[in-house]
>>> print(open('model_0.txt').read())   # compact mmCIF, C-alpha atoms
# COMPACT_ATOMS: atom_id res chain seq x y z
CA MET A 1 62.21 40.03 31.57
CA ALA A 2 60.84 36.78 32.98
CA SER A 3 57.48 38.45 33.41
CA SER A 4 57.45 39.49 29.75
CA GLU A 5 58.22 35.94 28.60
CA SER A 6 55.47 34.62 30.86
CA ASN A 7 52.94 37.01 29.32
CA ILE A 8 54.00 35.96 25.83
CA ASN A 9 53.61 32.27 26.70
CA GLU A 10 50.18 32.86 28.25
CA GLY A 11 49.09 34.79 25.17
CA ALA A 12 50.24 32.00 22.87
CA THR A 13 48.45 29.40 24.98
CA SER A 14 45.29 31.51 24.96
CA ASN A 15 45.44 31.85 21.19
CA GLU A 16 45.93 28.09 20.77
CA THR A 17 42.94 27.42 23.00
CA THR A 18 40.80 29.84 21.01
CA ASP A 19 41.91 28.23 17.74
CA GLU A 20 41.06 24.77 19.08
CA LYS A 21 37.60 25.95 20.13
CA ASN A 22 37.03 27.51 16.72
CA GLU A 23 38.07 24.27 15.01
CA GLN A 24 35.79 22.23 17.29
CA GLY A 25 32.93 24.64 16.60
CA GLN A 26 33.49 24.36 12.88
CA GLU A 27 33.59 20.56 13.08
CA SER A 28 30.43 20.52 15.22
CA GLY A 29 28.69 22.86 12.79
CA ALA A 30 29.74 20.74 9.83
CA ALA A 31 28.51 17.58 11.54
CA SER A 32 25.19 19.24 12.37
CA SER A 33 24.83 20.47 8.78
CA ALA A 34 25.65 17.00 7.43
CA THR A 35 22.99 15.46 9.66
CA GLU A 36 20.40 17.99 8.52
CA CYS A 37 21.18 17.30 4.86
CA GLU A 38 21.56 13.52 5.13
CA MET A 39 19.86 12.00 2.09
CA VAL A 40 18.55 8.50 1.46
CA ASP A 41 17.81 6.67 -1.79
CA PHE A 42 14.66 4.55 -1.86
CA LYS A 43 11.84 3.47 -4.18
CA VAL A 44 8.19 4.50 -4.36
CA ILE A 45 5.94 1.90 -6.00
CA PHE A 46 2.80 3.13 -7.75
CA ASN A 47 0.67 1.23 -10.26
CA LYS A 48 3.30 -1.54 -10.47
CA LYS A 49 5.97 1.01 -11.49
CA LYS A 50 8.98 1.75 -9.31
CA HIS A 51 10.17 5.36 -8.98
CA ASP A 52 13.67 6.11 -7.68
CA VAL A 53 13.57 8.85 -5.04
CA THR A 54 16.35 10.65 -3.16
CA TYR A 55 15.16 12.70 -0.20
CA SER A 56 16.30 14.10 3.14
CA LEU A 57 15.85 11.86 6.17
CA ASN A 58 14.78 14.87 8.22
CA GLU A 59 11.91 15.86 5.91
CA THR A 60 8.35 14.92 6.83
CA VAL A 61 6.03 12.57 4.97
CA ALA A 62 3.85 15.59 4.13
CA SER A 63 6.82 17.21 2.37
CA LEU A 64 7.68 13.94 0.62
CA LYS A 65 4.14 13.70 -0.75
CA VAL A 66 4.54 17.05 -2.48
CA HIS A 67 7.72 15.73 -4.13
CA ILE A 68 6.02 12.46 -5.11
CA ALA A 69 3.11 14.39 -6.64
CA GLU A 70 5.56 15.91 -9.13
CA ILE A 71 6.82 12.45 -10.07
CA THR A 72 3.57 10.46 -10.25
CA GLY A 73 0.86 13.03 -10.88
CA VAL A 74 -1.04 11.91 -7.77
CA PRO A 75 -2.02 15.03 -5.74
CA ALA A 76 -0.50 15.07 -2.26
CA THR A 77 -3.96 15.26 -0.67
CA MET A 78 -5.00 12.05 -2.45
CA GLN A 79 -1.93 10.03 -1.47
CA LYS A 80 -1.63 7.27 1.09
CA LEU A 81 1.90 6.00 1.71
CA MET A 82 2.47 2.53 3.10
CA PHE A 83 5.69 1.46 4.81
CA LYS A 84 5.15 -1.30 7.34
CA GLY A 85 1.60 0.06 7.54
CA LEU A 86 0.05 3.45 6.81
CA VAL A 87 2.47 6.31 7.60
CA LYS A 88 1.50 9.65 9.18
CA ASP A 89 2.18 13.02 7.55
CA ASP A 90 4.02 14.48 10.55
CA MET A 91 6.62 11.69 10.73
CA THR A 92 10.07 12.15 9.22
CA LEU A 93 11.81 9.58 7.05
CA ARG A 94 14.25 9.13 9.93
CA ASP A 95 11.34 8.37 12.28
CA LEU A 96 10.14 5.74 9.80
CA LYS A 97 13.65 4.23 9.64
CA VAL A 98 13.75 4.49 5.85
CA THR A 99 17.08 3.05 4.69
CA PRO A 100 18.79 2.86 1.28
CA GLY A 101 16.79 0.52 -0.95
CA SER A 102 13.58 0.72 1.13
CA LYS A 103 10.28 0.44 -0.77
CA LEU A 104 7.30 2.68 -0.04
CA MET A 105 3.92 1.79 -1.54
CA LEU A 106 1.85 4.67 -2.88
CA VAL A 107 -1.93 4.28 -2.96
CA GLY A 108 -3.92 6.97 -4.72
CA SER A 109 -5.43 8.21 -7.96
CA THR A 110 -4.36 10.83 -10.46
CA VAL A 111 -6.79 13.58 -11.43
CA ASP A 112 -7.30 11.87 -14.81
CA ASP A 113 -8.17 8.59 -13.05
CA VAL A 114 -10.79 10.34 -10.91
CA ILE A 115 -12.37 11.98 -13.96
CA GLU A 116 -12.45 8.66 -15.82
CA ALA A 117 -14.02 6.88 -12.85
CA THR A 118 -16.89 9.36 -12.74
CA LYS A 119 -17.92 8.63 -16.32
CA LEU A 120 -21.04 6.50 -16.56
CA PRO A 121 -20.44 3.16 -18.34
CA ASP A 122 -22.43 2.31 -21.44
CA LYS A 123 -24.77 -0.45 -20.33
CA THR A 124 -26.76 -0.72 -23.56
CA ALA A 125 -26.26 -2.88 -26.62
CA GLU A 126 -28.03 -2.78 -29.95
CA VAL A 127 -30.04 -5.94 -30.64
CA GLY A 128 -32.13 -6.18 -33.82
CA GLY A 129 -31.96 -2.43 -34.36
CA GLU A 130 -33.14 -1.72 -30.82
CA GLU A 131 -31.21 -0.75 -27.74
CA LYS A 132 -31.34 -3.31 -24.97
CA VAL A 133 -29.97 -2.92 -21.46
CA VAL A 134 -27.23 -5.45 -20.79
CA THR A 135 -27.45 -6.92 -17.30
CA LYS A 136 -24.99 -9.23 -15.65
CA GLU A 137 -25.93 -11.84 -13.10
CA PRO A 138 -24.37 -11.04 -9.70
CA PHE A 139 -21.55 -13.32 -8.56
CA CYS A 140 -23.56 -14.56 -5.60
CA LYS A 141 -26.33 -15.81 -7.91
CA GLN A 142 -24.05 -17.58 -10.36
CA GLU A 143 -24.28 -21.32 -9.83
CA ARG A 144 -20.62 -22.00 -9.07
CA HIS A 145 -20.53 -19.32 -6.38
CA ARG A 146 -24.01 -20.05 -5.05
CA LYS A 147 -22.95 -23.67 -4.38
CA VAL A 148 -20.00 -22.53 -2.27
CA LEU A 149 -22.08 -20.02 -0.30
CA ASP A 150 -24.89 -22.51 0.37
CA LYS A 151 -22.58 -25.39 1.28
CA PHE A 152 -20.21 -23.64 3.68
CA GLY A 153 -21.95 -20.46 4.89
CA VAL A 154 -20.14 -17.77 6.85
CA PRO A 155 -17.01 -19.28 8.49
CA ASP A 156 -17.04 -19.38 12.29
CA ASP A 157 -13.75 -17.49 12.38
CA ALA A 158 -14.69 -14.88 9.75
CA MET A 159 -13.47 -11.39 10.59
CA PRO A 160 -16.36 -8.97 11.27
CA GLY A 161 -17.44 -7.22 8.09
CA ILE A 162 -18.79 -3.66 7.88
CA LYS A 163 -21.24 -2.85 5.11
CA SER A 164 -20.56 0.26 2.99
CA ALA A 165 -17.38 1.08 4.94
CA LYS A 166 -13.87 1.73 3.66
CA GLU A 167 -10.89 1.17 5.90
CA GLU A 168 -7.15 0.90 5.39
CA LEU A 169 -5.49 -2.51 5.50
CA PRO A 170 -5.02 -3.78 9.05
CA ALA A 171 -1.53 -4.33 10.42
CA TYR A 172 -2.24 -8.08 10.58
CA PRO A 173 -3.29 -10.65 7.92
CA ILE A 174 -6.90 -10.71 6.73
CA SER A 175 -8.13 -14.19 7.62
CA GLY A 176 -11.30 -16.22 8.19
CA MET A 177 -12.14 -16.45 4.47
CA ILE A 178 -12.58 -19.56 2.32
CA ASN A 179 -11.83 -20.70 -1.24
CA LYS A 180 -14.11 -22.63 -3.59
CA ALA A 181 -13.25 -25.92 -1.83
CA GLY A 182 -14.11 -24.50 1.59
CA GLY A 183 -10.45 -24.31 2.62
CA LYS A 184 -9.38 -21.48 4.91
CA VAL A 185 -7.67 -18.52 3.22
CA ARG A 186 -5.66 -15.60 4.62
CA LEU A 187 -4.11 -12.63 2.84
CA THR A 188 -0.85 -11.10 4.08
CA PHE A 189 0.49 -7.92 2.49
CA LYS A 190 4.29 -7.74 2.40
CA LEU A 191 4.69 -4.16 1.21
CA GLU A 192 8.44 -4.07 1.81
CA SER A 193 8.91 -6.86 -0.75
CA ASP A 194 5.94 -5.88 -2.96
CA GLN A 195 4.29 -9.28 -2.43
CA LEU A 196 0.89 -10.71 -1.57
CA TRP A 197 1.06 -13.90 0.46
CA LEU A 198 -1.97 -16.04 -0.26
CA GLY A 199 -2.08 -18.64 2.48
CA THR A 200 -4.09 -21.84 2.86
CA LYS A 201 -3.77 -24.77 5.21
CA GLU A 202 -1.64 -26.61 2.66
CA ARG A 203 0.77 -23.86 1.55
CA THR A 204 1.47 -20.16 1.16
CA GLU A 205 1.86 -18.68 -2.31
CA LYS A 206 4.15 -15.63 -2.37
CA LEU A 207 2.80 -13.62 -5.30
CA PRO A 208 4.57 -10.52 -6.67
CA MET A 209 1.90 -7.83 -6.76
CA GLY A 210 3.00 -6.93 -10.27
CA SER A 211 2.00 -10.41 -11.47
CA ILE A 212 -1.66 -9.93 -10.46
CA LYS A 213 -3.61 -8.80 -13.52
CA ASP A 214 -6.92 -7.76 -11.99
CA ILE A 215 -9.18 -8.00 -8.96
CA VAL A 216 -12.99 -8.15 -9.10
CA SER A 217 -15.44 -8.28 -6.22
CA GLU A 218 -19.13 -7.98 -5.41
CA PRO A 219 -21.06 -7.98 -2.13
CA ILE A 220 -22.94 -11.12 -1.16
CA GLU A 221 -26.65 -10.47 -1.39
CA GLY A 222 -28.22 -10.59 2.07
CA LYS A 223 -24.76 -10.46 3.68
CA GLU A 224 -23.42 -7.23 2.17
CA GLU A 225 -20.83 -6.91 4.93
CA TYR A 226 -18.89 -9.59 3.00
CA HIS A 227 -17.72 -9.84 -0.62
CA ILE A 228 -16.84 -12.50 -3.15
CA MET A 229 -13.44 -11.59 -4.60
CA GLY A 230 -11.62 -12.92 -7.65
CA ILE A 231 -7.84 -12.40 -7.89
CA GLN A 232 -6.73 -12.84 -11.49
CA LEU A 233 -3.35 -14.56 -11.57
CA GLY A 234 -3.07 -15.03 -15.35
CA PRO A 235 -4.03 -13.37 -18.63
CA THR A 236 -7.64 -14.62 -18.71
CA GLU A 237 -10.62 -14.62 -16.36
CA ALA A 238 -10.28 -18.40 -16.09
CA SER A 239 -7.21 -17.82 -13.90
CA ARG A 240 -9.15 -16.04 -11.16
CA TYR A 241 -8.64 -17.38 -7.64
CA TRP A 242 -11.97 -16.96 -5.86
CA ILE A 243 -12.20 -15.99 -2.20
CA TYR A 244 -15.44 -15.86 -0.22
CA TYR A 245 -16.46 -13.76 2.78
CA VAL A 246 -13.90 -10.98 2.35
CA PRO A 247 -14.75 -8.20 4.90
CA ALA A 248 -16.36 -5.39 2.89
CA GLN A 249 -14.44 -2.58 4.64
CA TYR A 250 -11.09 -3.85 3.30
CA VAL A 251 -12.07 -4.52 -0.33
CA ASP A 252 -11.18 -1.07 -1.64
CA ALA A 253 -7.83 -1.03 0.18
CA ILE A 254 -6.95 -4.50 -1.16
CA LYS A 255 -7.62 -3.38 -4.74
CA ARG A 256 -5.71 -0.11 -4.38
CA THR A 257 -2.72 -1.74 -2.73
CA ILE A 258 -2.34 -4.48 -5.33
CA ILE A 259 -3.59 -2.89 -8.54
CA GLY A 260 -3.24 0.81 -7.75
>>> encode(input="model_0.txt", output="structure tokens")
Amino acid sequence: MASSESNINEGATSNETTDEKNEQGQESGAASSATECEMVDFKVIFNKKKHDVTYSLNETVASLKVHIAEITGVPATMQKLMFKGLVKDDMTLRDLKVTPGSKLMLVGSTVDDVIEATKLPDKTAEVGGEEKVVTKEPFCKQERHRKVLDKFGVPDDAMPGIKSAKEELPAYPISGMINKAGGKVRLTFKLESDQLWLGTKERTEKLPMGSIKDIVSEPIEGKEEYHIMGIQLGPTEASRYWIYYVPAQYVDAIKRTIIG
């Protein structure tokens, strides 16, 4: 009789142990599933417009680009995503430490933008019944810019420029440039706050990128590795802040990051 009771007790204990293991397995599986499906809400900024995005932390940047293409119209292959610098396609959002409210900057062009950019501009104007080619004097030959270039020359601490090259923004500020008064200028890109910090010896202006209306630039004749750049801070061209000796390889990235 005692033996029978003992067997019953052992069986009950065994069943309890099995049930506990099953419960632990279910909890572990649920936790694993929750981790795999963990979502994060963040913003993607493109052309000064903010897009709300909800995506899995375990998905890669390459996968995210496909999702963003549906939202913005920018093909995944033409996208560059910036989050504390340029991000790589094989990284996950968890690797990047994307948190709720994070801001990712999208740099790229839609198919329509590419088509429009390939159209040749009309450089003729009708004068006295005849067509005349309209030419514009290069920045470097305009008197106000020529005076600055002749007076100050290339700064001793200018960053090396590379003619006809296109590179992404460096992870550090672009410095060694000057303004029209010869004062030192540096540009710092705060992508997480969507700001451009325009720094001089006297102060640093923290400019929302959305407040910048336009950016124009041209290479300096004879020193094509550097550009003259005008950042338009107001509604008219008179509000342009001129910067001299901008390294040529960063000009395109500066424009795309700020203007889109």
>>> residues_around(input="model_0.txt", residues="Lys80 of chain A", least_positions_apart="6", cutoff="8 Å", atoms="only C-alpha atoms", output="PyMOL selection string")
chain A and resi 86-87+106-108
>>> residues_around(input="model_0.txt", residues="Met82 of chain A", least_positions_apart="6", cutoff="10 Å", atoms="only C-alpha atoms", output="MDAnalysis selection string")
chainID A and resid 44:45 88 103:107 169 191:192 257
>>> write_last_selection(input="model_0.txt", atoms="C-alpha atoms", output="short mmCIF file (atom, residue, chain, number, x, y, z; two decimals), in the frame of the given file")
data_model
loop_
_atom_site.label_atom_id
_atom_site.label_comp_id
_atom_site.auth_asym_id
_atom_site.auth_seq_id
_atom_site.Cartn_x
_atom_site.Cartn_y
_atom_site.Cartn_z
CA VAL A 44 8.19 4.50 -4.36
CA ILE A 45 5.94 1.90 -6.00
CA LYS A 88 1.50 9.65 9.18
CA LYS A 103 10.28 0.44 -0.77
CA LEU A 104 7.30 2.68 -0.04
CA MET A 105 3.92 1.79 -1.54
CA LEU A 106 1.85 4.67 -2.88
CA VAL A 107 -1.93 4.28 -2.96
CA LEU A 169 -5.49 -2.51 5.50
CA LEU A 191 4.69 -4.16 1.21
CA GLU A 192 8.44 -4.07 1.81
CA THR A 257 -2.72 -1.74 -2.73
#
>>> residues_around(input="model_0.txt", residues="Thr72 of chain A", least_positions_apart="4", cutoff="9 Å", atoms="all atoms listed in the file", output="PyMOL selection string")
chain A and resi 46+51+68+110
>>> residues_around(input="model_0.txt", residues="Met229 of chain A", least_positions_apart="4", cutoff="6 Å", atoms="all atoms listed in the file", output="list in words")
Val216, Ser217, Trp242 and Ile243 of chain A
>>> residues_around(input="model_0.txt", residues="Gly73 of chain A", least_positions_apart="3", cutoff="12 Å", atoms="all atoms listed in the file", output="PyMOL selection string")
chain A and resi 46-47+65-70+76-79+106+108-114
>>> closest_residue(input="model_0.txt", among="A:Ser193, A:Thr92, A:Thr60, A:Gln249", to="Tyr226 of chain A", atoms="all atoms listed in the file")
A:Gln249
>>> closest_residue(input="model_0.txt", among="A:Pro75, A:Pro155, A:Pro100, A:Gly85", to="Pro173 of chain A", atoms="only C-alpha atoms")
A:Gly85
>>> residues_near_point(input="model_0.txt", point="(-22.0, -9.8, 5.7)", cutoff="10 Å", atoms="only C-alpha atoms", output="JSON, numbers by chain")
{"A": [154, 158, 159, 160, 161, 162, 163, 219, 220, 221, 222, 223, 224, 225, 226, 227, 245, 246, 247, 248]}
>>> residues_near_point(input="model_0.txt", point="(7.0, -7.0, -8.6)", cutoff="10 Å", atoms="all atoms listed in the file", output="PyMOL selection string")
chain A and resi 45+48-50+193-195+207-212
>>> closest_residue(input="model_0.txt", among="A:Lys97, A:Met39, A:Gly199, A:Arg144", to="Gly176 of chain A", atoms="all atoms listed in the file")
A:Gly199
>>> atom_distance(input="model_0.txt", atom1="atom CA of Asp157 of chain A", atom2="atom CA of Trp197 of chain A")
19.3 Å
>>> atom_distance(input="model_0.txt", atom1="atom CA of Thr54 of chain A", atom2="atom CA of Asp41 of chain A")
4.5 Å
>>> atom_distance(input="model_0.txt", atom1="atom CA of Lys206 of chain A", atom2="atom CA of Phe152 of chain A")
26.3 Å
>>> closest_residue(input="model_0.txt", among="A:Glu218, A:Asp156, A:Glu59, A:Asp52", to="Gln142 of chain A", atoms="all atoms listed in the file")
A:Glu218
